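Just upload05.cif here, mmCIF, C-alpha atoms:
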```
data_structure
loop_
_atom_site.label_atom_id
_atom_site.label_comp_id
_atom_site.auth_asym_id
_atom_site.auth_seq_id
_atom_site.Cartn_x
_atom_site.Cartn_y
_atom_site.Cartn_z
CA MET I 1 3.41 19.32 -45.73
CA ILE I 2 3.58 15.64 -44.74
CA ASN I 3 6.66 16.39 -42.65
CA LYS I 4 4.76 19.10 -40.76
CA ILE I 5 1.78 16.78 -40.16
CA SER I 6 4.16 14.08 -38.91
CA LYS I 7 5.75 16.53 -36.46
CA VAL I 8 2.35 17.67 -35.17
CA ALA I 9 1.15 14.07 -34.82
CA PHE I 10 4.34 13.09 -33.00
CA THR I 11 4.03 16.08 -30.66
CA LEU I 12 0.41 15.20 -29.87
CA PHE I 13 1.45 11.59 -29.25
CA VAL I 14 4.17 12.67 -26.78
CA VAL I 15 1.80 15.05 -24.98
CA MET I 16 -0.84 12.33 -24.65
CA LEU I 17 1.79 9.91 -23.39
CA LEU I 18 2.96 12.35 -20.74
CA ILE I 19 -0.60 13.11 -19.65
CA SER I 20 -1.39 9.43 -19.28
CA CYS I 21 1.68 8.76 -17.12
CA LYS I 22 0.93 8.93 -13.41
CA ASN I 23 3.27 10.33 -10.84
CA THR I 24 3.81 8.72 -7.44
CA LYS I 25 1.28 10.94 -5.67
CA GLN I 26 -1.42 10.02 -8.17
CA LYS I 27 -0.58 6.33 -7.80
CA LEU I 28 -0.73 6.69 -4.00
CA GLN I 29 -4.21 8.24 -4.17
CA GLU I 30 -5.41 5.64 -6.65
CA TYR I 31 -4.09 2.79 -4.50
CA VAL I 32 -5.89 4.04 -1.36
CA VAL I 33 -9.20 4.37 -3.20
CA THR I 34 -8.81 0.97 -4.85
CA TYR I 35 -7.82 -0.70 -1.58
CA ASN I 36 -10.80 0.69 0.32
CA GLU I 37 -13.30 -0.02 -2.46
CA THR I 38 -12.14 -3.40 -3.76
CA ILE I 39 -9.57 -5.11 -1.53
CA ALA I 40 -10.87 -4.22 1.94
CA PRO I 41 -14.46 -5.49 1.55
CA GLY I 42 -13.31 -8.97 0.54
CA PHE I 43 -10.18 -9.13 2.70
CA ARG I 44 -9.86 -12.34 4.72
CA ALA I 45 -7.15 -13.12 7.26
CA GLU I 46 -7.11 -14.89 10.59
CA ASN I 47 -8.55 -12.69 13.38
CA VAL I 48 -8.84 -9.62 11.09
CA THR I 49 -12.32 -8.10 11.24
CA LEU I 50 -11.76 -4.92 9.21
CA THR I 51 -9.04 -3.28 7.16
CA THR I 52 -8.73 0.23 5.77
CA ALA I 53 -6.13 2.33 3.97
CA ARG I 54 -5.33 5.97 4.52
CA GLY I 55 -2.96 8.00 2.35
CA TYR I 56 -0.73 10.92 3.27
CA ILE I 57 0.39 12.54 0.03
CA ASN I 58 2.80 15.10 1.50
CA ASP I 59 4.56 12.42 3.56
CA SER I 60 4.50 9.78 0.78
CA LYS I 61 2.96 7.40 3.26
CA ILE I 62 0.11 4.90 3.27
CA GLU I 63 -1.32 3.48 6.47
CA LEU I 64 -2.96 0.06 6.36
CA ARG I 65 -4.97 -0.68 9.48
CA PHE I 66 -5.99 -4.21 10.38
CA GLU I 67 -8.53 -4.35 13.16
CA THR I 68 -8.67 -7.71 14.94
CA ASN I 69 -10.86 -9.44 17.49
CA LEU I 70 -7.86 -10.07 19.77
CA LYS I 71 -7.38 -8.76 23.30
CA GLN I 72 -4.43 -6.50 24.04
CA ASN I 73 -1.74 -8.32 26.05
CA GLU I 74 1.91 -9.31 25.69
CA GLY I 75 1.07 -12.91 24.83
CA LYS I 76 -1.07 -11.80 21.89
CA LYS I 77 1.63 -9.41 20.67
CA ILE I 78 4.14 -12.23 20.48
CA ALA I 79 1.68 -14.74 19.02
CA THR I 80 0.47 -12.38 16.31
CA ALA I 81 3.93 -11.38 15.11
CA VAL I 82 4.33 -14.54 13.01
CA ALA I 83 0.75 -14.57 11.71
CA PHE I 84 0.93 -10.93 10.65
CA ALA I 85 4.33 -11.43 8.99
CA ARG I 86 2.78 -14.21 6.90
CA MET I 87 -0.18 -12.00 6.04
CA ARG I 88 2.16 -9.18 4.99
CA GLN I 89 4.17 -11.55 2.79
CA SER I 90 0.99 -12.85 1.20
CA MET I 91 -0.19 -9.31 0.50
CA ILE I 92 3.13 -8.43 -1.14
CA LYS I 93 3.09 -11.64 -3.18
CA ASN I 94 -0.51 -11.01 -4.32
CA GLU I 95 0.31 -7.36 -5.10
CA GLN I 96 -2.17 -6.07 -2.54
CA ILE I 97 0.82 -4.09 -1.30
CA PRO I 98 2.45 -2.88 -4.53
CA THR I 99 6.24 -3.04 -4.42
CA GLU I 100 6.32 -0.50 -7.26
CA LEU I 101 5.06 2.21 -4.89
CA ILE I 102 7.54 1.21 -2.20
CA GLU I 103 10.38 1.35 -4.71
CA GLU I 104 9.22 4.85 -5.68
CA GLY I 105 9.67 5.97 -2.06
CA VAL I 106 6.20 5.46 -0.58
CA GLU I 107 6.29 4.04 2.95
CA PHE I 108 3.64 1.55 4.03
CA HIS I 109 2.81 1.68 7.73
CA LEU I 110 0.95 -1.48 8.76
CA TYR I 111 -0.92 -1.37 12.06
CA TYR I 112 -2.35 -4.49 13.66
CA LEU I 113 -4.92 -3.38 16.20
CA ALA I 114 -6.46 -5.18 19.16
CA ASP I 115 -10.22 -5.19 19.71
CA ASP I 116 -9.89 -1.93 21.69
CA ASN I 117 -7.99 -0.25 18.78
CA THR I 118 -4.65 -0.24 20.59
CA VAL I 119 -1.61 -1.31 18.57
CA LEU I 120 -0.67 -4.98 18.84
CA ASN I 121 2.00 -4.77 16.21
CA LYS I 122 3.35 -2.20 13.75
CA GLU I 123 5.57 -2.49 10.70
CA VAL I 124 6.96 0.06 8.29
CA LEU I 125 7.74 -1.10 4.77
CA THR I 126 10.33 1.03 3.02
CA LYS I 127 12.55 0.66 -0.02
CA GLU I 128 15.35 -0.49 2.29
CA SER I 129 13.27 -3.03 4.24
CA LEU I 130 11.67 -4.43 1.08
CA GLN I 131 14.95 -6.02 -0.05
CA TYR I 132 14.89 -8.25 3.05
CA LEU I 133 11.26 -9.29 2.56
CA LYS I 134 11.46 -10.60 -1.01
#
```
What would the structure in this file look like if it were written as structure tokens?
Amino acid sequence: MINKISKVAFTLFVVMLLISCKNTKQKLQEYVVTYNETIAPGFRAENVTLTTARGYINDSKIELRFETNLKQNEGKKIATAVAFARMRQSMIKNEQIPTELIEEGVEFHLYYLADDNTVLNKEVLTKESLQYLK
């Protein structure tokens, strides 16, 4: 009798454990919601006026958009490259961009937009590129 109860308890424990584990798609969705609700409102970086996240479950992709108050021109593109690389590194270090998701195959597309919403700079973080950024 005790053996049977132990087996049932163990089975329930395993089922609960499996239910509580999240797959990559669930983590992707959760990250986008968390980013937009908690990180984005308090996000501070030089020239960034707004940031948002958008998730694409079927493509295993997350877009992070950083709207700036900068004008679109070649000089700004070159000047912002270093500043945005530092911001990206800081976000990875502070786990605002979770390396766990990247290692699970989720791509992060970072868009740095001028004040007219044209792209100043774009980066794609993948499992392969992450090894060079750490």
| Can you list what the PyMOL selection byres ((chain I and resi 71) around 10) grabs from this structure, as a list in words? |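 Given this file, the PyMOL selection byres ((chain I and resi 71) around 10) evaluates to Thr68, Asn69, Leu70, Gln72, Asn73, Glu74, Gly75, Lys76, Lys77, Leu113, Ala114, Asp115, Asp116, Asn117, Thr118 and Leu120 of chain I.
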| request: Run the PyMOL selection byres ((chain I and resi 40) around 10) mentally over the shown coordinates, then write out the matched residues as a PyMOL selection string, using the chain letters and numbers from the document. | output: chain I and resi 34-39+41-44+50-53+66+96
| task | Please evaluate the PyMOL selection byres ((chain I and resi 64) around 9) against the structure above and give the resulting residues as a PyMOL selection string. | result | chain I and resi 51-55+62-63+65-66+108-112
Writer output for current selection, C-alpha atoms, as a PDB file, in the coordinates of the input:
```
ATOM      1  CA  THR I  51      -9.040  -3.280   7.160  1.00  0.00           C
ATOM      2  CA  THR I  52      -8.730   0.230   5.770  1.00  0.00           C
ATOM      3  CA  ALA I  53      -6.130   2.330   3.970  1.00  0.00           C
ATOM      4  CA  ARG I  54      -5.330   5.970   4.520  1.00  0.00           C
ATOM      5  CA  GLY I  55      -2.960   8.000   2.350  1.00  0.00           C
ATOM      6  CA  ILE I  62       0.110   4.900   3.270  1.00  0.00           C
ATOM      7  CA  GLU I  63      -1.320   3.480   6.470  1.00  0.00           C
ATOM      8  CA  ARG I  65      -4.970  -0.680   9.480  1.00  0.00           C
ATOM      9  CA  PHE I  66      -5.990  -4.210  10.380  1.00  0.00           C
ATOM     10  CA  PHE I 108       3.640   1.550   4.030  1.00  0.00           C
ATOM     11  CA  HIS I 109       2.810   1.680   7.730  1.00  0.00           C
ATOM     12  CA  LEU I 110       0.950  -1.480   8.760  1.00  0.00           C
ATOM     13  CA  TYR I 111      -0.920  -1.370  12.060  1.00  0.00           C
ATOM     14  CA  TYR I 112      -2.350  -4.490  13.660  1.00  0.00           C
TER      15      TYR I 112
END
```
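Taking CA of Lys122 in chain I and CA of Asn23 in chain I as endpoints, the distance between them is 27.6 Å.
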| said: To one decimal place in Å, what is the distance between CA of Glu123 in chain I and CA of Glu104 in chain I? | reply: 18.3 Å
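Within the 9 Å cut-off around Glu46 in chain I, using only C-alpha atoms and omitting residues fewer than 2 positions from it on the same chain, the listed residues are Arg44, Val48, Thr49, Thr68, Ala83, Phe84 and Met87 of chain I.
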So that I can check the surroundings of Val106 in chain I, please list as a PDB file with C-alpha atoms, in the coordinates of the input every protein, DNA and RNA residue that reaches within 12 Å of it, counting only C-alpha atoms and ignoring chain neighbours fewer than 5 positions away.
```pdb
ATOM      1  CA  ASN I  23       3.270  10.330 -10.840  1.00  0.00           C
ATOM      2  CA  THR I  24       3.810   8.720  -7.440  1.00  0.00           C
ATOM      3  CA  LYS I  25       1.280  10.940  -5.670  1.00  0.00           C
ATOM      4  CA  GLN I  26      -1.420  10.020  -8.170  1.00  0.00           C
ATOM      5  CA  LYS I  27      -0.580   6.330  -7.800  1.00  0.00           C
ATOM      6  CA  LEU I  28      -0.730   6.690  -4.000  1.00  0.00           C
ATOM      7  CA  GLN I  29      -4.210   8.240  -4.170  1.00  0.00           C
ATOM      8  CA  TYR I  31      -4.090   2.790  -4.500  1.00  0.00           C
ATOM      9  CA  GLY I  55      -2.960   8.000   2.350  1.00  0.00           C
ATOM     10  CA  TYR I  56      -0.730  10.920   3.270  1.00  0.00           C
ATOM     11  CA  ILE I  57       0.390  12.540   0.030  1.00  0.00           C
ATOM     12  CA  ASN I  58       2.800  15.100   1.500  1.00  0.00           C
ATOM     13  CA  ASP I  59       4.560  12.420   3.560  1.00  0.00           C
ATOM     14  CA  SER I  60       4.500   9.780   0.780  1.00  0.00           C
ATOM     15  CA  LYS I  61       2.960   7.400   3.260  1.00  0.00           C
ATOM     16  CA  ILE I  62       0.110   4.900   3.270  1.00  0.00           C
ATOM     17  CA  GLU I  63      -1.320   3.480   6.470  1.00  0.00           C
ATOM     18  CA  ILE I  97       0.820  -4.090  -1.300  1.00  0.00           C
ATOM     19  CA  PRO I  98       2.450  -2.880  -4.530  1.00  0.00           C
ATOM     20  CA  THR I  99       6.240  -3.040  -4.420  1.00  0.00           C
ATOM     21  CA  GLU I 100       6.320  -0.500  -7.260  1.00  0.00           C
ATOM     22  CA  LEU I 101       5.060   2.210  -4.890  1.00  0.00           C
ATOM     23  CA  VAL I 124       6.960   0.060   8.290  1.00  0.00           C
ATOM     24  CA  LEU I 125       7.740  -1.100   4.770  1.00  0.00           C
ATOM     25  CA  THR I 126      10.330   1.030   3.020  1.00  0.00           C
ATOM     26  CA  LYS I 127      12.550   0.660  -0.020  1.00  0.00           C
ATOM     27  CA  GLU I 128      15.350  -0.490   2.290  1.00  0.00           C
ATOM     28  CA  LEU I 130      11.670  -4.430   1.080  1.00  0.00           C
TER      29      LEU I 130
END
```
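Counting from CA of Glu67 in chain I, the distance to CA of Ile92 in chain I is 18.9 Å.
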| request: Would you mind telling me which residue in I:Asn121, I:Ser129, I:Asn47, I:Cys21 lies nearest to Ala85 in chain I when using all atoms listed in the file? | output: I:Asn121
Centre, x/y/z edge lengths, axis-aligned box for range 74-85 of chain I with 8 Å per side, as JSON:
```
{"center_x": 1.6, "center_y": -12.0, "center_z": 17.3, "size_x": 21.4, "size_y": 21.4, "size_z": 32.7}
```
